[in-house]
$ cat work-v4.cif   # mmCIF, C-alpha atoms
data_data
loop_
_atom_site.label_atom_id
_atom_site.label_comp_id
_atom_site.auth_asym_id
_atom_site.auth_seq_id
_atom_site.Cartn_x
_atom_site.Cartn_y
_atom_site.Cartn_z
CA VAL Y 1 -58.47 40.90 239.91
CA VAL Y 2 -56.07 43.67 240.91
CA LEU Y 3 -52.33 43.15 241.18
CA PRO Y 4 -50.85 45.49 243.79
CA SER Y 5 -49.47 48.80 242.59
CA GLY Y 6 -45.77 49.58 242.73
CA ALA Y 7 -43.67 49.24 239.62
CA VAL Y 8 -42.03 45.87 238.95
CA SER Y 9 -38.91 45.90 236.79
CA PHE Y 10 -38.35 43.21 234.16
CA ASP Y 11 -34.79 42.50 233.01
CA GLY Y 12 -35.63 41.23 229.51
CA VAL Y 13 -34.04 37.87 230.31
CA ASN Y 14 -36.21 35.64 232.50
CA ASP Y 15 -38.29 37.83 234.81
CA VAL Y 16 -42.00 36.98 235.00
CA VAL Y 17 -44.95 37.55 237.31
CA THR Y 18 -47.36 34.61 237.42
CA VAL Y 19 -50.95 34.44 238.65
CA ASN Y 20 -52.06 30.83 238.93
CA ASP Y 21 -55.14 29.78 236.99
CA ASN Y 22 -58.39 30.46 238.80
CA ALA Y 23 -62.01 31.25 237.98
CA ALA Y 24 -61.54 35.00 238.45
CA ILE Y 25 -59.21 35.24 235.44
CA ASP Y 26 -61.13 32.83 233.18
CA VAL Y 27 -63.22 35.57 231.57
CA THR Y 28 -65.38 34.37 228.69
CA ARG Y 29 -67.85 37.12 227.63
CA SER Y 30 -66.93 40.60 228.87
CA LEU Y 31 -63.44 41.66 229.88
CA THR Y 32 -61.62 44.84 230.76
CA ILE Y 33 -57.86 44.56 231.31
CA GLU Y 34 -55.64 47.49 232.22
CA ILE Y 35 -51.87 47.70 232.44
CA THR Y 36 -49.48 50.58 233.01
CA PHE Y 37 -45.99 49.99 231.67
CA SER Y 38 -42.79 51.83 230.87
CA VAL Y 39 -40.29 51.03 228.12
CA ASP Y 40 -37.25 52.67 226.53
CA ALA Y 41 -37.30 53.20 222.74
CA ALA Y 42 -33.71 51.98 222.61
CA THR Y 43 -34.86 48.64 224.01
CA LEU Y 44 -37.31 48.22 221.14
CA ALA Y 45 -34.70 49.26 218.58
CA GLY Y 46 -32.41 46.50 219.82
CA MET Y 47 -35.00 43.73 219.73
CA THR Y 48 -34.39 40.69 217.54
CA ALA Y 49 -37.85 39.22 218.20
CA GLU Y 50 -41.03 40.77 216.84
CA TRP Y 51 -42.91 41.09 220.15
CA MET Y 52 -42.52 41.57 223.90
CA PRO Y 53 -45.34 40.16 226.07
CA LEU Y 54 -47.05 42.42 228.58
CA ALA Y 55 -49.77 40.12 229.92
CA ALA Y 56 -51.42 36.94 228.68
CA LYS Y 57 -53.73 34.19 229.94
CA GLY Y 58 -51.72 31.53 228.15
CA ASP Y 59 -48.81 31.84 225.73
CA GLY Y 60 -48.52 34.48 223.04
CA PHE Y 61 -51.49 35.11 220.78
CA SER Y 62 -52.89 31.61 221.34
CA SER Y 63 -54.00 32.88 224.75
CA ALA Y 64 -57.55 33.47 225.90
CA TYR Y 65 -56.51 37.13 225.99
CA ALA Y 66 -53.15 38.82 225.57
CA ILE Y 67 -51.44 42.21 225.38
CA ALA Y 68 -48.08 42.55 223.65
CA LEU Y 69 -45.76 45.32 222.47
CA ASN Y 70 -44.40 45.16 218.94
CA LYS Y 71 -40.83 46.21 218.19
CA ALA Y 72 -42.26 48.90 215.88
CA GLY Y 73 -43.80 50.56 218.93
CA TYR Y 74 -47.49 49.61 218.78
CA ILE Y 75 -49.58 47.48 221.15
CA ARG Y 76 -51.72 44.46 220.21
CA PHE Y 77 -54.69 43.21 222.22
CA SER Y 78 -55.97 39.77 221.22
CA SER Y 79 -58.48 37.13 222.27
CA ARG Y 80 -58.91 33.52 221.17
CA ASP Y 81 -62.36 31.96 221.25
CA ALA Y 82 -63.49 28.47 222.18
CA ASN Y 83 -63.35 27.44 218.50
CA GLY Y 84 -59.71 28.50 218.19
CA ALA Y 85 -60.30 31.71 216.18
CA VAL Y 86 -58.09 34.65 217.19
CA ALA Y 87 -59.21 38.28 216.89
CA PHE Y 88 -56.96 41.25 217.60
CA VAL Y 89 -56.82 45.01 217.53
CA ASP Y 90 -53.63 47.08 217.11
CA THR Y 91 -53.00 50.56 218.39
CA PRO Y 92 -51.16 53.17 216.35
CA VAL Y 93 -47.43 53.47 217.12
CA VAL Y 94 -47.20 54.85 220.65
CA VAL Y 95 -43.48 54.63 221.44
CA ASP Y 96 -41.56 57.65 220.14
CA PRO Y 97 -38.35 56.25 218.59
CA ALA Y 98 -36.59 59.59 219.00
CA ALA Y 99 -37.27 59.95 222.72
CA THR Y 100 -34.66 59.00 225.30
CA GLY Y 101 -35.39 57.30 228.61
CA ASP Y 102 -38.50 55.45 229.68
CA GLN Y 103 -41.87 56.24 228.13
CA THR Y 104 -44.94 55.32 230.18
CA PHE Y 105 -48.33 54.24 228.84
CA HIS Y 106 -51.63 53.20 230.34
CA PHE Y 107 -53.27 50.58 228.11
CA THR Y 108 -56.83 49.26 228.40
CA GLY Y 109 -58.22 46.37 226.38
CA VAL Y 110 -61.95 45.68 226.27
CA MET Y 111 -63.57 42.47 225.01
CA GLU Y 112 -67.35 42.55 224.63
CA ARG Y 113 -68.43 39.36 222.91
CA ASP Y 114 -72.16 40.07 223.05
CA SER Y 115 -71.52 43.01 220.70
CA HIS Y 116 -68.62 41.23 218.89
CA ALA Y 117 -66.18 43.96 219.91
CA LEU Y 118 -62.53 44.37 220.83
CA ARG Y 119 -61.41 47.88 221.75
CA ALA Y 120 -58.03 49.36 222.60
CA TYR Y 121 -57.39 52.51 224.63
CA VAL Y 122 -54.11 54.29 225.31
CA ASP Y 123 -54.02 56.82 228.14
CA GLY Y 124 -57.83 56.84 228.17
CA ALA Y 125 -58.34 57.51 224.45
CA LEU Y 126 -59.98 54.99 222.12
CA VAL Y 127 -57.36 54.19 219.46
CA GLY Y 128 -58.54 50.96 217.82
CA GLN Y 129 -61.51 48.65 217.33
CA ALA Y 130 -62.06 45.20 215.82
CA GLN Y 131 -64.66 42.44 215.71
CA VAL Y 132 -64.52 38.97 217.19
CA PRO Y 133 -65.85 36.19 214.92
CA PHE Y 134 -69.57 35.47 215.14
CA THR Y 135 -72.34 33.78 213.16
CA PRO Y 136 -75.12 36.24 212.21
CA ALA Y 137 -78.72 35.41 213.07
CA GLN Y 138 -80.82 33.86 210.31
CA PRO Y 139 -84.56 34.61 210.09
CA ALA Y 140 -87.09 31.85 209.67
CA PHE Y 141 -87.95 31.13 206.06
CA THR Y 142 -89.97 28.74 203.93
CA VAL Y 143 -88.82 27.12 200.72
CA VAL Y 144 -91.56 26.37 198.20
CA LYS Y 145 -90.89 23.60 195.73
CA HIS Y 146 -93.05 22.50 192.82
CA VAL Y 147 -92.51 18.83 192.14
CA THR Y 148 -93.76 17.16 188.97
CA ARG Y 149 -95.37 13.75 189.38
CA TYR Y 150 -95.03 11.03 186.72
CA ILE Y 151 -96.39 7.64 185.79
CA THR Y 152 -94.52 5.15 183.66
CA VAL Y 153 -96.36 3.48 180.79
CA LEU Y 154 -94.51 0.96 178.63
CA GLY Y 155 -91.24 2.33 179.92
CA ILE Y 156 -92.15 5.92 179.17
CA ARG Y 157 -92.43 8.51 181.99
CA ILE Y 158 -95.53 10.62 181.54
CA PRO Y 159 -96.10 13.76 183.66
CA ILE Y 160 -99.50 13.80 185.33
CA GLY Y 161 -99.34 17.02 187.36
CA GLN Y 162 -97.49 18.91 190.01
CA VAL Y 163 -97.51 18.97 193.79
CA THR Y 164 -96.33 21.85 195.96
CA VAL Y 165 -93.95 21.09 198.83
CA PHE Y 166 -93.32 23.57 201.68
CA GLU Y 167 -90.06 23.28 203.66
CA PHE Y 168 -89.99 25.41 206.83
CA HIS Y 169 -86.63 26.45 208.27
CA PRO Y 170 -86.78 27.89 211.80
CA ALA Y 171 -84.91 31.02 212.83
CA VAL Y 172 -81.29 30.57 213.92
CA PRO Y 173 -80.11 32.92 216.69
CA GLU Y 174 -76.84 34.82 216.48
CA LYS Y 175 -73.90 32.93 217.92
CA THR Y 176 -70.73 34.50 219.32
CA PRO Y 177 -68.39 31.92 220.87
CA ASP Y 178 -67.03 32.46 224.35
CA ALA Y 179 -63.40 33.29 224.84
CA MET Y 180 -61.50 30.07 225.39
CA VAL Y 181 -61.08 28.74 228.90
CA ASN Y 182 -57.69 27.20 229.59
CA ALA Y 183 -55.70 25.98 232.56
CA ALA Y 184 -52.85 28.39 231.88
CA ALA Y 185 -51.60 30.96 234.35
CA LEU Y 186 -51.82 34.69 233.75
CA ARG Y 187 -48.22 35.60 232.89
CA ILE Y 188 -46.86 39.13 232.93
CA GLY Y 189 -43.64 40.00 231.14
CA ASN Y 190 -42.71 36.62 229.68
CA THR Y 191 -43.96 33.79 227.49
CA SER Y 192 -42.69 30.61 225.88
CA ALA Y 193 -44.36 31.42 222.55
CA SER Y 194 -42.13 31.79 219.51
CA GLY Y 195 -41.60 35.27 218.09
CA PHE Y 196 -41.46 36.84 221.56
CA ALA Y 197 -38.63 38.17 223.69
CA PRO Y 198 -39.01 38.67 227.46
CA PHE Y 199 -40.25 42.13 228.38
CA ALA Y 200 -37.60 44.68 229.34
CA GLY Y 201 -39.07 47.62 231.22
CA SER Y 202 -41.43 48.06 234.15
CA VAL Y 203 -45.07 47.29 234.87
CA ASP Y 204 -47.02 49.25 237.45
CA GLU Y 205 -50.37 47.60 238.19
CA VAL Y 206 -52.52 45.18 236.22
CA ARG Y 207 -56.30 45.14 236.64
CA ILE Y 208 -58.82 42.65 235.23
CA TRP Y 209 -62.61 42.87 235.39
CA ASN Y 210 -65.23 40.46 234.08
CA ARG Y 211 -67.29 43.38 232.78
CA VAL Y 212 -66.95 46.33 230.42
CA LEU Y 213 -65.79 49.54 232.08
CA ASP Y 214 -65.55 51.92 229.12
#
$ encode --input "work-v4.cif" --output "structure tokens"
Amino acid sequence: VVLPSGAVSFDGVNDVVTVNDNAAIDVTRSLTIEITFSVDAATLAGMTAEWMPLAAKGDGFSSAYAIALNKAGYIRFSSRDANGAVAFVDTPVVVDPAATGDQTFHFTGVMERDSHALRAYVDGALVGQAQVPFTPAQPAFTVVKHVTRYITVLGIRIPIGQVTVFEFHPAVPEKTPDAMVNAAALRIGNTSASGFAPFAGSVDEVRIWNRVLD
């Protein structure tokens, strides 16, 4: 999915770009999402909320995937799986608080559930990595138990020997849940989630692939 290029300004009040839910944006295993945005450090300094949303398939960090800018100047990329567990990776602080005027950044988030990975890139450089939750594989194993056998004579239990019991447990493959699938739209620049303020700045192109591009 590629949203047309050409910067869109967001007023920090109620502006939003919405892409209706469809199969192309319900990405469950491998995802690459790119966004180029500009923001003024003074805007962040004046924020009362903790976060400004950049893009999310859902609302806030309960989304299938989301990118948001923290008022401290770093970016968070998150993904929620089908079991409700949220994983995220933060970049270092990218917005220079001393700079005046708009600062522009190209952010790429990569989700690769088959290798349990979330990765964050700023201007093409890898700046953060994290793991999504998964259940490790378990090898097959056998439990050996020695069980003593008894007889009861006049109310007294008397051991008469032992038997060996083998319990076989088959191998369990590794399990990494899919990213959640929801009916929510892809929303750029706004969210109804608490702790967020509408984005104030500009966005110039959003791209989403259902594969890993890094």
$ resolve_selection --input "work-v4.cif" --expression "the PyMOL selection byres ((chain Y and resi 189) around 8)" --output "PyMOL selection string"
chain Y and resi 10+15-17+52-55+187-188+190-191+198-200
$ residues_around --input "work-v4.cif" --residues "Asp204 (chain Y)" --least-positions-apart "3" --cutoff "8 Å" --atoms "all atoms listed in the file" --output "list of chain:residue names"
Y:Ser5, Y:Gly6, Y:Ala7, Y:Val8, Y:Ile35, Y:Thr36, Y:Phe37
$ resolve_selection --input "work-v4.cif" --expression "the PyMOL selection byres ((chain Y and resi 125) around 12)" --output "PyMOL selection string"
chain Y and resi 91-92+105-109+119-124+126-129+214
$ axis_aligned_box --input "work-v4.cif" --around "region 178-196 of chain Y" --padding-each-side "3 Å" --output "lines of an AutoDock Vina configuration file"
center_x = -54.2
center_y = 33.0
center_z = 226.2
size_x = 31.6
size_y = 20.0
size_z = 22.3
$ atom_distance --input "work-v4.cif" --atom1 "CA of Ile25 (chain Y)" --atom2 "CA of Trp51 (chain Y)"
23.1 Å
$ atom_distance --input "work-v4.cif" --atom1 "CA of Ala41 (chain Y)" --atom2 "CA of Arg207 (chain Y)"
24.9 Å
$ atom_distance --input "work-v4.cif" --atom1 "CA of His169 (chain Y)" --atom2 "CA of Val147 (chain Y)"
18.8 Å
$ closest_residue --input "work-v4.cif" --among "Y:Gln131, Y:Ser202, Y:Ser30, Y:Asn210" --to "Asp11 (chain Y)" --atoms "all atoms listed in the file"
Y:Ser202
$ residues_around --input "work-v4.cif" --residues "Ile75 (chain Y)" --least-positions-apart "4" --cutoff "8 Å" --atoms "only C-alpha atoms" --output "ChimeraX atom specification"
/Y:67-70,90-94
$ closest_residue --input "work-v4.cif" --among "Y:Pro136, Y:Gly195, Y:Asp40, Y:Ala183" --to "Val19 (chain Y)" --atoms "only C-alpha atoms"
Y:Ala183
$ residues_near_point --input "work-v4.cif" --point "(-96.3, 20.7, 199.5)" --cutoff "12 Å" --atoms "only C-alpha atoms" --output "PyMOL selection string"
chain Y and resi 142-148+162-168
$ closest_residue --input "work-v4.cif" --among "Y:Ala184, Y:Leu154, Y:Ala179, Y:Leu31" --to "Glu112 (chain Y)" --atoms "only C-alpha atoms"
Y:Leu31
$ residues_around --input "work-v4.cif" --residues "region 57-59 of chain Y" --least-positions-apart "2" --cutoff "7 Å" --atoms "all atoms listed in the file" --output "PyMOL selection string"
chain Y and resi 61-66+184-187+191-193
$ closest_residue --input "work-v4.cif" --among "Y:Val89, Y:Ile158, Y:Met111, Y:Ala99" --to "Ala130 (chain Y)" --atoms "only C-alpha atoms"
Y:Val89
$ residues_around --input "work-v4.cif" --residues "Tyr150 (chain Y)" --least-positions-apart "2" --cutoff "8 Å" --atoms "all atoms listed in the file" --output "PyMOL selection string"
chain Y and resi 148+152+157-161
$ closest_residue --input "work-v4.cif" --among "Y:Thr48, Y:Thr135, Y:Ser79, Y:Asn22" --to "Val110 (chain Y)" --atoms "only C-alpha atoms"
Y:Ser79
$ resolve_selection --input "work-v4.cif" --expression "the PyMOL selection byres ((chain Y and resi 173) around 9)" --output "list in words"
Thr135, Pro136, Ala137, Gln138, Pro139, Ala171, Val172, Glu174 and Lys175 of chain Y
$ write_last_selection --input "work-v4.cif" --atoms "C-alpha atoms" --output "PDB file, keeping the file's coordinate frame"
ATOM      1  CA  THR Y 135     -72.340  33.780 213.160  1.00  0.00           C
ATOM      2  CA  PRO Y 136     -75.120  36.240 212.210  1.00  0.00           C
ATOM      3  CA  ALA Y 137     -78.720  35.410 213.070  1.00  0.00           C
ATOM      4  CA  GLN Y 138     -80.820  33.860 210.310  1.00  0.00           C
ATOM      5  CA  PRO Y 139     -84.560  34.610 210.090  1.00  0.00           C
ATOM      6  CA  ALA Y 171     -84.910  31.020 212.830  1.00  0.00           C
ATOM      7  CA  VAL Y 172     -81.290  30.570 213.920  1.00  0.00           C
ATOM      8  CA  GLU Y 174     -76.840  34.820 216.480  1.00  0.00           C
ATOM      9  CA  LYS Y 175     -73.900  32.930 217.920  1.00  0.00           C
TER      10      LYS Y 175
END
$ closest_residue --input "work-v4.cif" --among "Y:Ala197, Y:Leu213, Y:Val203, Y:Ala72" --to "Val13 (chain Y)" --atoms "all atoms listed in the file"
Y:Ala197
$ residues_around --input "work-v4.cif" --residues "Val132 (chain Y)" --least-positions-apart "6" --cutoff "6 Å" --atoms "all atoms listed in the file" --output "JSON, numbers by chain"
{"Y": [87, 116, 117]}
$ write_last_selection --input "work-v4.cif" --atoms "C-alpha atoms" --output "short mmCIF file (atom, residue, chain, number, x, y, z; two decimals), in the coordinates of the input"
data_model
loop_
_atom_site.label_atom_id
_atom_site.label_comp_id
_atom_site.auth_asym_id
_atom_site.auth_seq_id
_atom_site.Cartn_x
_atom_site.Cartn_y
_atom_site.Cartn_z
CA ALA Y 87 -59.21 38.28 216.89
CA HIS Y 116 -68.62 41.23 218.89
CA ALA Y 117 -66.18 43.96 219.91
#
